[in-house]
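Peer 1: What follows is work_32.txt, compact mmCIF, N, CA and C atoms.
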# COMPACT_ATOMS: atom_id res chain seq x y z
N GLN A 1378 82.59 131.97 110.22
CA GLN A 1378 83.53 132.67 109.34
C GLN A 1378 84.95 132.24 109.68
N LEU A 1379 85.68 131.78 108.68
CA LEU A 1379 87.07 131.37 108.87
C LEU A 1379 87.99 132.33 108.13
N GLN A 1380 89.17 132.49 108.69
CA GLN A 1380 90.24 133.22 108.01
C GLN A 1380 91.43 132.26 107.86
N LEU A 1381 92.06 132.32 106.71
CA LEU A 1381 93.22 131.47 106.43
C LEU A 1381 94.39 132.36 106.02
N VAL A 1382 95.56 132.03 106.53
CA VAL A 1382 96.75 132.78 106.17
C VAL A 1382 97.87 131.79 105.88
N GLU A 1383 98.46 131.91 104.70
CA GLU A 1383 99.57 131.07 104.30
C GLU A 1383 100.90 131.74 104.66
N SER A 1384 101.91 130.93 104.89
CA SER A 1384 103.26 131.44 105.09
C SER A 1384 104.25 130.36 104.68
N GLY A 1385 105.52 130.75 104.59
CA GLY A 1385 106.57 129.78 104.29
C GLY A 1385 107.08 129.82 102.87
N GLY A 1386 106.49 130.65 102.03
CA GLY A 1386 106.97 130.75 100.67
C GLY A 1386 108.33 131.45 100.61
N GLY A 1387 108.93 131.42 99.44
CA GLY A 1387 110.22 132.08 99.27
C GLY A 1387 110.88 131.69 97.97
N LEU A 1388 112.15 132.06 97.86
CA LEU A 1388 112.96 131.75 96.68
C LEU A 1388 113.94 130.65 97.03
N VAL A 1389 113.88 129.55 96.27
CA VAL A 1389 114.80 128.44 96.49
C VAL A 1389 115.34 127.97 95.16
N GLN A 1390 116.40 127.17 95.23
CA GLN A 1390 116.99 126.60 94.02
C GLN A 1390 116.33 125.25 93.71
N PRO A 1391 116.39 124.83 92.47
CA PRO A 1391 115.85 123.50 92.13
C PRO A 1391 116.47 122.42 93.01
N GLY A 1392 115.61 121.51 93.44
CA GLY A 1392 116.06 120.43 94.30
C GLY A 1392 115.92 120.71 95.78
N GLU A 1393 115.72 121.95 96.13
CA GLU A 1393 115.59 122.30 97.54
C GLU A 1393 114.15 122.10 98.03
N SER A 1394 113.94 122.42 99.31
CA SER A 1394 112.65 122.17 99.94
C SER A 1394 112.09 123.44 100.59
N LEU A 1395 110.79 123.45 100.74
CA LEU A 1395 110.10 124.48 101.49
C LEU A 1395 108.93 123.81 102.22
N ARG A 1396 108.54 124.40 103.34
CA ARG A 1396 107.33 123.95 104.03
C ARG A 1396 106.38 125.12 104.15
N LEU A 1397 105.24 124.99 103.54
CA LEU A 1397 104.20 126.01 103.65
C LEU A 1397 103.30 125.68 104.83
N SER A 1398 102.82 126.73 105.47
CA SER A 1398 101.86 126.59 106.57
C SER A 1398 100.60 127.36 106.23
N CYS A 1399 99.50 126.84 106.69
CA CYS A 1399 98.20 127.51 106.53
C CYS A 1399 97.56 127.53 107.92
N VAL A 1400 97.47 128.71 108.50
CA VAL A 1400 96.86 128.85 109.82
C VAL A 1400 95.41 129.26 109.66
N VAL A 1401 94.54 128.53 110.32
CA VAL A 1401 93.10 128.78 110.23
C VAL A 1401 92.62 129.40 111.53
N SER A 1402 91.90 130.49 111.44
CA SER A 1402 91.33 131.13 112.62
C SER A 1402 89.86 131.42 112.37
N GLY A 1403 89.17 131.81 113.44
CA GLY A 1403 87.74 132.05 113.33
C GLY A 1403 86.96 130.92 113.94
N PHE A 1404 85.67 130.92 113.71
CA PHE A 1404 84.82 129.93 114.34
C PHE A 1404 83.92 129.26 113.32
N THR A 1405 83.81 127.97 113.45
CA THR A 1405 82.83 127.24 112.68
C THR A 1405 82.42 126.01 113.45
N MET A 1406 81.16 125.64 113.31
CA MET A 1406 80.68 124.41 113.92
C MET A 1406 80.96 123.21 113.03
N ASP A 1407 81.39 123.47 111.81
CA ASP A 1407 81.59 122.39 110.85
C ASP A 1407 83.02 121.89 110.86
N TYR A 1408 83.16 120.63 110.53
CA TYR A 1408 84.49 120.13 110.20
C TYR A 1408 84.92 120.78 108.89
N TYR A 1409 86.21 120.94 108.69
CA TYR A 1409 86.66 121.53 107.44
C TYR A 1409 87.86 120.78 106.89
N ALA A 1410 87.76 120.48 105.63
CA ALA A 1410 88.89 119.94 104.89
C ALA A 1410 89.69 121.11 104.34
N ILE A 1411 90.96 120.86 104.03
CA ILE A 1411 91.84 121.91 103.52
C ILE A 1411 92.45 121.46 102.21
N GLY A 1412 92.47 122.37 101.28
CA GLY A 1412 93.13 122.12 100.01
C GLY A 1412 94.22 123.14 99.75
N TRP A 1413 95.24 122.71 99.04
CA TRP A 1413 96.27 123.62 98.56
C TRP A 1413 96.13 123.74 97.05
N PHE A 1414 96.17 124.96 96.56
CA PHE A 1414 96.08 125.26 95.14
C PHE A 1414 97.28 126.14 94.79
N ARG A 1415 97.56 126.24 93.50
CA ARG A 1415 98.62 127.14 93.07
C ARG A 1415 98.26 127.76 91.72
N GLN A 1416 98.80 128.94 91.49
CA GLN A 1416 98.59 129.62 90.22
C GLN A 1416 99.90 130.21 89.75
N ALA A 1417 100.35 129.72 88.62
CA ALA A 1417 101.58 130.22 88.01
C ALA A 1417 101.22 131.38 87.08
N PRO A 1418 102.18 132.24 86.78
CA PRO A 1418 101.91 133.38 85.89
C PRO A 1418 101.36 132.91 84.55
N GLY A 1419 100.25 133.52 84.15
CA GLY A 1419 99.67 133.20 82.86
C GLY A 1419 98.91 131.90 82.79
N LYS A 1420 98.76 131.23 83.94
CA LYS A 1420 98.07 129.94 83.95
C LYS A 1420 96.88 130.00 84.90
N GLU A 1421 95.98 129.04 84.72
CA GLU A 1421 94.84 128.93 85.63
C GLU A 1421 95.28 128.31 86.95
N ARG A 1422 94.52 128.61 87.97
CA ARG A 1422 94.80 128.01 89.28
C ARG A 1422 94.52 126.51 89.22
N GLU A 1423 95.40 125.73 89.85
CA GLU A 1423 95.25 124.27 89.82
C GLU A 1423 95.33 123.72 91.24
N GLY A 1424 94.64 122.62 91.45
CA GLY A 1424 94.68 121.95 92.73
C GLY A 1424 95.95 121.13 92.88
N VAL A 1425 96.55 121.19 94.05
CA VAL A 1425 97.82 120.50 94.31
C VAL A 1425 97.62 119.33 95.25
N SER A 1426 96.93 119.58 96.37
CA SER A 1426 96.77 118.55 97.37
C SER A 1426 95.63 118.93 98.30
N CYS A 1427 95.10 117.95 99.01
CA CYS A 1427 94.07 118.26 99.99
C CYS A 1427 94.05 117.18 101.06
N ILE A 1428 93.42 117.51 102.18
CA ILE A 1428 93.44 116.62 103.34
C ILE A 1428 92.12 116.70 104.07
N SER A 1429 91.66 115.55 104.57
CA SER A 1429 90.43 115.51 105.34
C SER A 1429 90.62 116.15 106.70
N PHE A 1430 89.50 116.37 107.40
CA PHE A 1430 89.60 117.01 108.71
C PHE A 1430 90.43 116.16 109.68
N ASN A 1431 90.24 114.85 109.64
CA ASN A 1431 90.98 114.03 110.60
C ASN A 1431 92.38 113.67 110.12
N GLY A 1432 92.74 114.12 108.94
CA GLY A 1432 94.10 113.93 108.45
C GLY A 1432 94.36 112.60 107.78
N ASN A 1433 93.39 111.70 107.82
CA ASN A 1433 93.63 110.36 107.28
C ASN A 1433 93.44 110.28 105.77
N GLY A 1434 92.68 111.19 105.22
CA GLY A 1434 92.43 111.17 103.79
C GLY A 1434 93.21 112.26 103.09
N THR A 1435 94.04 111.89 102.13
CA THR A 1435 94.83 112.88 101.40
C THR A 1435 94.76 112.61 99.91
N TYR A 1436 95.04 113.64 99.16
CA TYR A 1436 95.07 113.54 97.69
C TYR A 1436 96.21 114.41 97.20
N TYR A 1437 96.87 113.93 96.14
CA TYR A 1437 97.94 114.69 95.50
C TYR A 1437 97.75 114.69 94.00
N ALA A 1438 97.97 115.84 93.39
CA ALA A 1438 98.00 115.89 91.94
C ALA A 1438 99.22 115.10 91.44
N ASP A 1439 99.10 114.55 90.26
CA ASP A 1439 100.19 113.73 89.73
C ASP A 1439 101.51 114.49 89.66
N CYS A 1440 101.44 115.77 89.39
CA CYS A 1440 102.66 116.56 89.20
C CYS A 1440 103.46 116.75 90.49
N VAL A 1441 102.85 116.48 91.63
CA VAL A 1441 103.56 116.66 92.91
C VAL A 1441 103.66 115.36 93.71
N LYS A 1442 103.02 114.32 93.23
CA LYS A 1442 103.00 113.06 93.97
C LYS A 1442 104.41 112.54 94.17
N GLY A 1443 104.71 112.15 95.40
CA GLY A 1443 106.04 111.66 95.72
C GLY A 1443 107.01 112.75 96.13
N ARG A 1444 106.65 114.01 95.92
CA ARG A 1444 107.52 115.14 96.30
C ARG A 1444 106.90 116.00 97.40
N PHE A 1445 105.59 116.12 97.38
CA PHE A 1445 104.89 116.96 98.36
C PHE A 1445 104.16 116.08 99.37
N THR A 1446 104.09 116.57 100.60
CA THR A 1446 103.34 115.87 101.65
C THR A 1446 102.48 116.88 102.39
N ILE A 1447 101.21 116.56 102.50
CA ILE A 1447 100.29 117.42 103.24
C ILE A 1447 100.02 116.79 104.60
N SER A 1448 99.90 117.64 105.61
CA SER A 1448 99.60 117.16 106.96
C SER A 1448 98.87 118.27 107.71
N ARG A 1449 98.31 117.91 108.86
CA ARG A 1449 97.63 118.94 109.63
C ARG A 1449 97.76 118.65 111.12
N ASP A 1450 97.72 119.74 111.90
CA ASP A 1450 97.74 119.67 113.35
C ASP A 1450 96.54 120.47 113.81
N ASN A 1451 95.46 119.79 114.09
CA ASN A 1451 94.22 120.49 114.44
C ASN A 1451 94.34 121.21 115.79
N ALA A 1452 95.23 120.74 116.65
CA ALA A 1452 95.43 121.45 117.92
C ALA A 1452 96.02 122.83 117.69
N LYS A 1453 96.75 122.98 116.59
CA LYS A 1453 97.35 124.27 116.24
C LYS A 1453 96.58 124.96 115.11
N ASN A 1454 95.49 124.34 114.67
CA ASN A 1454 94.70 124.90 113.56
C ASN A 1454 95.59 125.21 112.36
N THR A 1455 96.48 124.30 112.06
CA THR A 1455 97.48 124.54 111.01
C THR A 1455 97.57 123.33 110.09
N VAL A 1456 97.66 123.62 108.81
CA VAL A 1456 97.88 122.59 107.78
C VAL A 1456 99.21 122.91 107.11
N TYR A 1457 99.98 121.89 106.84
CA TYR A 1457 101.30 122.05 106.26
C TYR A 1457 101.36 121.43 104.86
N LEU A 1458 102.22 122.00 104.04
CA LEU A 1458 102.55 121.38 102.75
C LEU A 1458 104.07 121.34 102.66
N GLN A 1459 104.62 120.16 102.88
CA GLN A 1459 106.06 119.96 102.75
C GLN A 1459 106.37 119.71 101.30
N MET A 1460 107.22 120.54 100.72
CA MET A 1460 107.54 120.46 99.31
C MET A 1460 109.02 120.15 99.15
N ASN A 1461 109.32 118.98 98.65
CA ASN A 1461 110.70 118.55 98.44
C ASN A 1461 111.00 118.46 96.95
N SER A 1462 112.28 118.41 96.64
CA SER A 1462 112.72 118.27 95.24
C SER A 1462 112.01 119.27 94.34
N LEU A 1463 112.01 120.51 94.75
CA LEU A 1463 111.28 121.52 94.00
C LEU A 1463 111.87 121.73 92.62
N LYS A 1464 110.97 122.02 91.69
CA LYS A 1464 111.34 122.23 90.30
C LYS A 1464 110.93 123.64 89.88
N PRO A 1465 111.55 124.19 88.85
CA PRO A 1465 111.13 125.52 88.38
C PRO A 1465 109.64 125.58 88.05
N GLU A 1466 109.08 124.49 87.57
CA GLU A 1466 107.65 124.50 87.23
C GLU A 1466 106.74 124.51 88.46
N ASP A 1467 107.31 124.41 89.65
CA ASP A 1467 106.52 124.57 90.88
C ASP A 1467 106.34 126.04 91.25
N THR A 1468 107.02 126.91 90.52
CA THR A 1468 106.90 128.34 90.80
C THR A 1468 105.46 128.81 90.61
N ALA A 1469 104.91 129.43 91.65
CA ALA A 1469 103.50 129.85 91.63
C ALA A 1469 103.18 130.56 92.93
N VAL A 1470 102.02 131.18 92.96
CA VAL A 1470 101.43 131.61 94.22
C VAL A 1470 100.61 130.44 94.75
N TYR A 1471 100.88 130.07 95.99
CA TYR A 1471 100.21 128.93 96.61
C TYR A 1471 99.12 129.43 97.57
N TYR A 1472 97.94 128.86 97.44
CA TYR A 1472 96.80 129.24 98.26
C TYR A 1472 96.31 128.02 99.05
N CYS A 1473 95.89 128.26 100.28
CA CYS A 1473 95.14 127.22 100.98
C CYS A 1473 93.68 127.65 101.06
N ALA A 1474 92.81 126.67 101.14
CA ALA A 1474 91.38 126.93 101.15
C ALA A 1474 90.69 125.91 102.02
N ALA A 1475 89.57 126.31 102.61
CA ALA A 1475 88.83 125.44 103.51
C ALA A 1475 87.48 125.08 102.90
N GLN A 1476 87.15 123.81 103.03
CA GLN A 1476 85.86 123.31 102.58
C GLN A 1476 85.09 122.82 103.80
N LEU A 1477 83.94 123.38 104.05
CA LEU A 1477 83.16 123.05 105.23
C LEU A 1477 82.13 121.96 104.92
N GLY A 1478 81.75 121.27 105.95
CA GLY A 1478 80.59 120.39 105.86
C GLY A 1478 80.87 118.95 105.52
N LEU A 1479 82.11 118.61 105.18
CA LEU A 1479 82.40 117.20 104.90
C LEU A 1479 82.51 116.42 106.20
N PRO A 1480 82.15 115.16 106.19
CA PRO A 1480 82.45 114.33 107.36
C PRO A 1480 83.95 114.34 107.65
N PRO A 1481 84.34 114.16 108.89
CA PRO A 1481 85.76 114.33 109.25
C PRO A 1481 86.71 113.39 108.54
N ALA A 1482 86.23 112.25 108.11
CA ALA A 1482 87.13 111.29 107.45
C ALA A 1482 87.03 111.35 105.93
N ALA A 1483 86.19 112.19 105.42
CA ALA A 1483 85.98 112.23 103.97
C ALA A 1483 87.10 112.99 103.29
N THR A 1484 87.70 112.37 102.29
CA THR A 1484 88.76 113.03 101.54
C THR A 1484 88.13 113.97 100.53
N PRO A 1485 88.51 115.24 100.56
CA PRO A 1485 87.95 116.18 99.60
C PRO A 1485 88.58 116.00 98.23
N GLU A 1486 88.08 116.79 97.29
CA GLU A 1486 88.70 116.87 95.98
C GLU A 1486 89.23 118.28 95.78
N VAL A 1487 90.15 118.43 94.86
CA VAL A 1487 90.71 119.75 94.61
C VAL A 1487 89.91 120.46 93.53
N THR A 1488 88.63 120.66 93.82
CA THR A 1488 87.74 121.39 92.94
C THR A 1488 87.49 122.75 93.55
N GLU A 1489 87.92 123.80 92.87
CA GLU A 1489 87.87 125.14 93.46
C GLU A 1489 86.51 125.51 93.98
N GLY A 1490 85.49 125.21 93.23
CA GLY A 1490 84.14 125.61 93.61
C GLY A 1490 83.63 124.98 94.88
N ASP A 1491 84.31 123.94 95.36
CA ASP A 1491 83.88 123.26 96.58
C ASP A 1491 84.36 123.96 97.83
N TYR A 1492 85.29 124.91 97.67
CA TYR A 1492 85.94 125.53 98.82
C TYR A 1492 85.29 126.87 99.17
N ASP A 1493 85.14 127.06 100.48
CA ASP A 1493 84.35 128.18 100.98
C ASP A 1493 85.19 129.39 101.38
N TYR A 1494 86.38 129.16 101.86
CA TYR A 1494 87.23 130.25 102.35
C TYR A 1494 88.63 130.06 101.79
N TRP A 1495 89.27 131.20 101.48
CA TRP A 1495 90.59 131.18 100.85
C TRP A 1495 91.54 132.12 101.57
N GLY A 1496 92.81 131.74 101.57
CA GLY A 1496 93.84 132.63 102.06
C GLY A 1496 94.34 133.54 100.94
N PRO A 1497 95.16 134.53 101.27
CA PRO A 1497 95.64 135.48 100.27
C PRO A 1497 96.76 134.94 99.38
N GLY A 1498 97.40 133.85 99.80
CA GLY A 1498 98.45 133.25 98.99
C GLY A 1498 99.84 133.59 99.46
N THR A 1499 100.79 132.72 99.09
CA THR A 1499 102.20 132.94 99.37
C THR A 1499 103.00 132.56 98.13
N GLN A 1500 103.99 133.37 97.79
CA GLN A 1500 104.75 133.15 96.55
C GLN A 1500 105.86 132.11 96.78
N VAL A 1501 105.93 131.17 95.88
CA VAL A 1501 107.03 130.20 95.84
C VAL A 1501 107.73 130.36 94.50
N THR A 1502 109.03 130.60 94.55
CA THR A 1502 109.82 130.76 93.33
C THR A 1502 110.98 129.78 93.38
N VAL A 1503 111.07 128.96 92.34
CA VAL A 1503 112.14 127.98 92.25
C VAL A 1503 113.00 128.35 91.04
N SER A 1504 114.20 128.78 91.30
CA SER A 1504 115.06 129.27 90.22
C SER A 1504 116.51 129.12 90.60
N ALA A 1505 117.31 128.80 89.59
CA ALA A 1505 118.75 128.72 89.82
C ALA A 1505 119.38 130.10 89.74
Take the structure in the file and write it out as structure tokens.
Peer 2:
Amino acid sequence: QLQLVESGGGLVQPGESLRLSCVVSGFTMDYYAIGWFRQAPGKEREGVSCISFNGNGTYYADCVKGRFTISRDNAKNTVYLQMNSLKPEDTAVYYCAAQLGLPPAATPEVTEGDYDYWGPGTQVTVSA
């Protein structure tokens, strides 16, 4: 059983940056990949980025490519999402989720149904 908790959200102006953190606790014998998802008001949840257990495999949605960077520190059980050049359309609740059972180097996909555990989310608001 894993627990995930996101932090780092807040209110920023367009063009500014935020770094989200996802701390993973609990116990599992499996390697776990991590994905970041977001849900804006009135919209469906969408996949933003994901990272393999060993950190070498990453994926970014086109809408964030070149602006967001995902990374992880397994010694700290933490995954980060560095978000630069934020835009108003990035406003959403951001969730991290864990997918168990993939080989450590396998890059996951941002398919919601593939993820086993979810955090409660953190609000990101980008507004002038």
Peer 1: Give me, as number ranges by chain, all polymer residues having an atom no more than 7 Å from Val1503 of chain A, counting only N, CA and C atoms and skipping those fewer than 6 positions away in the same chain.
Peer 2: A: 1387-1391, 1463-1469
Peer 1: What's around segment 1405-1409 of chain A at 5 Å? Count only N, CA and C atoms, leave out sequence neighbours fewer than 4 positions away in its own chain, and write the answer as a PDB file with N, CA and C atoms, in the coordinates of the input.
Peer 2:
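Output (part_18.pdb):
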ATOM      1  N   PHE A1430      89.500 116.370 107.400  1.00  0.00           N
ATOM      2  CA  PHE A1430      89.600 117.010 108.710  1.00  0.00           C
ATOM      3  C   PHE A1430      90.430 116.160 109.680  1.00  0.00           C
ATOM      4  N   GLN A1476      87.150 123.810 103.030  1.00  0.00           N
ATOM      5  CA  GLN A1476      85.860 123.310 102.580  1.00  0.00           C
ATOM      6  C   GLN A1476      85.090 122.820 103.800  1.00  0.00           C
ATOM      7  N   LEU A1477      83.940 123.380 104.050  1.00  0.00           N
ATOM      8  CA  LEU A1477      83.160 123.050 105.230  1.00  0.00           C
ATOM      9  C   LEU A1477      82.130 121.960 104.920  1.00  0.00           C
ATOM     10  N   GLY A1478      81.750 121.270 105.950  1.00  0.00           N
ATOM     11  CA  GLY A1478      80.590 120.390 105.860  1.00  0.00           C
ATOM     12  C   GLY A1478      80.870 118.950 105.520  1.00  0.00           C
TER      13      GLY A1478
END
Peer 1: Determine the nearest neighbour of Tyr1492 of chain A from the options A:Gly1412, A:Gly1419, A:Gly1392, A:Gly1403, counting all atoms listed in the file.
Peer 2: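 Closest candidate: A:Gly1412.
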Peer 1: For Leu1379 of chain A, which residue out of A:Thr1435, A:Ser1402, A:Ser1394, A:Gln1500 is the nearest one, using only N, CA and C atoms?
Peer 2: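 Under the stated criterion, the closest residue is A:Ser1402.
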Peer 1: Nearest residue to Ser1462 of chain A out of A:Pro1497, A:Val1425, A:Arg1444, A:Ala1482, using all atoms listed in the file?
Peer 2: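 Looking only at the distances to Ser1462 of chain A, the closest residue turns out to be A:Arg1444.
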Peer 1: To one decimal in Å, tell me the separation between atom C of Pro1485 of chain A and atom C of Gly1434 of chain A.
Peer 2: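 Going from atom C of Pro1485 of chain A over to atom C of Gly1434 of chain A, I get 7.7 Å.
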Peer 1: Taking the DSSP secondary structure from the backbone, can you list the residues of segment 1383-1450 of chain A that are strand (DSSP E), as JSON, numbers by chain?
Peer 2: {"A": [1383, 1384, 1387, 1388, 1389, 1395, 1396, 1397, 1398, 1399, 1400, 1401, 1402, 1403, 1409, 1410, 1411, 1412, 1413, 1414, 1415, 1416, 1423, 1424, 1425, 1426, 1427, 1428, 1435, 1436, 1437, 1445, 1446, 1447, 1448, 1449, 1450]}
Peer 1: Those same residues - N, CA and C atoms - I'd like them written as an mmCIF file, in the frame of the given file.
Peer 2:
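Contents of out21.cif, freshly written:
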data_model
loop_
_atom_site.group_PDB
_atom_site.id
_atom_site.type_symbol
_atom_site.label_atom_id
_atom_site.label_comp_id
_atom_site.auth_asym_id
_atom_site.auth_seq_id
_atom_site.Cartn_x
_atom_site.Cartn_y
_atom_site.Cartn_z
ATOM 1 N N GLU A 1383 98.460 131.910 104.700
ATOM 2 C CA GLU A 1383 99.570 131.070 104.300
ATOM 3 C C GLU A 1383 100.900 131.740 104.660
ATOM 4 N N SER A 1384 101.910 130.930 104.890
ATOM 5 C CA SER A 1384 103.260 131.440 105.090
ATOM 6 C C SER A 1384 104.250 130.360 104.680
ATOM 7 N N GLY A 1387 108.930 131.420 99.440
ATOM 8 C CA GLY A 1387 110.220 132.080 99.270
ATOM 9 C C GLY A 1387 110.880 131.690 97.970
ATOM 10 N N LEU A 1388 112.150 132.060 97.860
ATOM 11 C CA LEU A 1388 112.960 131.750 96.680
ATOM 12 C C LEU A 1388 113.940 130.650 97.030
ATOM 13 N N VAL A 1389 113.880 129.550 96.270
ATOM 14 C CA VAL A 1389 114.800 128.440 96.490
ATOM 15 C C VAL A 1389 115.340 127.970 95.160
ATOM 16 N N LEU A 1395 110.790 123.450 100.740
ATOM 17 C CA LEU A 1395 110.100 124.480 101.490
ATOM 18 C C LEU A 1395 108.930 123.810 102.220
ATOM 19 N N ARG A 1396 108.540 124.400 103.340
ATOM 20 C CA ARG A 1396 107.330 123.950 104.030
ATOM 21 C C ARG A 1396 106.380 125.120 104.150
ATOM 22 N N LEU A 1397 105.240 124.990 103.540
ATOM 23 C CA LEU A 1397 104.200 126.010 103.650
ATOM 24 C C LEU A 1397 103.300 125.680 104.830
ATOM 25 N N SER A 1398 102.820 126.730 105.470
ATOM 26 C CA SER A 1398 101.860 126.590 106.570
ATOM 27 C C SER A 1398 100.600 127.360 106.230
ATOM 28 N N CYS A 1399 99.500 126.840 106.690
ATOM 29 C CA CYS A 1399 98.200 127.510 106.530
ATOM 30 C C CYS A 1399 97.560 127.530 107.920
ATOM 31 N N VAL A 1400 97.470 128.710 108.500
ATOM 32 C CA VAL A 1400 96.860 128.850 109.820
ATOM 33 C C VAL A 1400 95.410 129.260 109.660
ATOM 34 N N VAL A 1401 94.540 128.530 110.320
ATOM 35 C CA VAL A 1401 93.100 128.780 110.230
ATOM 36 C C VAL A 1401 92.620 129.400 111.530
ATOM 37 N N SER A 1402 91.900 130.490 111.440
ATOM 38 C CA SER A 1402 91.330 131.130 112.620
ATOM 39 C C SER A 1402 89.860 131.420 112.370
ATOM 40 N N GLY A 1403 89.170 131.810 113.440
ATOM 41 C CA GLY A 1403 87.740 132.050 113.330
ATOM 42 C C GLY A 1403 86.960 130.920 113.940
ATOM 43 N N TYR A 1409 86.210 120.940 108.690
ATOM 44 C CA TYR A 1409 86.660 121.530 107.440
ATOM 45 C C TYR A 1409 87.860 120.780 106.890
ATOM 46 N N ALA A 1410 87.760 120.480 105.630
ATOM 47 C CA ALA A 1410 88.890 119.940 104.890
ATOM 48 C C ALA A 1410 89.690 121.110 104.340
ATOM 49 N N ILE A 1411 90.960 120.860 104.030
ATOM 50 C CA ILE A 1411 91.840 121.910 103.520
ATOM 51 C C ILE A 1411 92.450 121.460 102.210
ATOM 52 N N GLY A 1412 92.470 122.370 101.280
ATOM 53 C CA GLY A 1412 93.130 122.120 100.010
ATOM 54 C C GLY A 1412 94.220 123.140 99.750
ATOM 55 N N TRP A 1413 95.240 122.710 99.040
ATOM 56 C CA TRP A 1413 96.270 123.620 98.560
ATOM 57 C C TRP A 1413 96.130 123.740 97.050
ATOM 58 N N PHE A 1414 96.170 124.960 96.560
ATOM 59 C CA PHE A 1414 96.080 125.260 95.140
ATOM 60 C C PHE A 1414 97.280 126.140 94.790
ATOM 61 N N ARG A 1415 97.560 126.240 93.500
ATOM 62 C CA ARG A 1415 98.620 127.140 93.070
ATOM 63 C C ARG A 1415 98.260 127.760 91.720
ATOM 64 N N GLN A 1416 98.800 128.940 91.490
ATOM 65 C CA GLN A 1416 98.590 129.620 90.220
ATOM 66 C C GLN A 1416 99.900 130.210 89.750
ATOM 67 N N GLU A 1423 95.400 125.730 89.850
ATOM 68 C CA GLU A 1423 95.250 124.270 89.820
ATOM 69 C C GLU A 1423 95.330 123.720 91.240
ATOM 70 N N GLY A 1424 94.640 122.620 91.450
ATOM 71 C CA GLY A 1424 94.680 121.950 92.730
ATOM 72 C C GLY A 1424 95.950 121.130 92.880
ATOM 73 N N VAL A 1425 96.550 121.190 94.050
ATOM 74 C CA VAL A 1425 97.820 120.500 94.310
ATOM 75 C C VAL A 1425 97.620 119.330 95.250
ATOM 76 N N SER A 1426 96.930 119.580 96.370
ATOM 77 C CA SER A 1426 96.770 118.550 97.370
ATOM 78 C C SER A 1426 95.630 118.930 98.300
ATOM 79 N N CYS A 1427 95.100 117.950 99.010
ATOM 80 C CA CYS A 1427 94.070 118.260 99.990
ATOM 81 C C CYS A 1427 94.050 117.180 101.060
ATOM 82 N N ILE A 1428 93.420 117.510 102.180
ATOM 83 C CA ILE A 1428 93.440 116.620 103.340
ATOM 84 C C ILE A 1428 92.120 116.700 104.070
ATOM 85 N N THR A 1435 94.040 111.890 102.130
ATOM 86 C CA THR A 1435 94.830 112.880 101.400
ATOM 87 C C THR A 1435 94.760 112.610 99.910
ATOM 88 N N TYR A 1436 95.040 113.640 99.160
ATOM 89 C CA TYR A 1436 95.070 113.540 97.690
ATOM 90 C C TYR A 1436 96.210 114.410 97.200
ATOM 91 N N TYR A 1437 96.870 113.930 96.140
ATOM 92 C CA TYR A 1437 97.940 114.690 95.500
ATOM 93 C C TYR A 1437 97.750 114.690 94.000
ATOM 94 N N PHE A 1445 105.590 116.120 97.380
ATOM 95 C CA PHE A 1445 104.890 116.960 98.360
ATOM 96 C C PHE A 1445 104.160 116.080 99.370
ATOM 97 N N THR A 1446 104.090 116.570 100.600
ATOM 98 C CA THR A 1446 103.340 115.870 101.650
ATOM 99 C C THR A 1446 102.480 116.880 102.390
ATOM 100 N N ILE A 1447 101.210 116.560 102.500
ATOM 101 C CA ILE A 1447 100.290 117.420 103.240
ATOM 102 C C ILE A 1447 100.020 116.790 104.600
ATOM 103 N N SER A 1448 99.900 117.640 105.610
ATOM 104 C CA SER A 1448 99.600 117.160 106.960
ATOM 105 C C SER A 1448 98.870 118.270 107.710
ATOM 106 N N ARG A 1449 98.310 117.910 108.860
ATOM 107 C CA ARG A 1449 97.630 118.940 109.630
ATOM 108 C C ARG A 1449 97.760 118.650 111.120
ATOM 109 N N ASP A 1450 97.720 119.740 111.900
ATOM 110 C CA ASP A 1450 97.740 119.670 113.350
ATOM 111 C C ASP A 1450 96.540 120.470 113.810
#
Peer 1: What's the separation between atom N of Tyr1472 of chain A and atom N of Lys1442 of chain A, in Å to one decimal place?
Peer 2: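 Between atom N of Tyr1472 of chain A and atom N of Lys1442 of chain A the gap is 16.0 Å.
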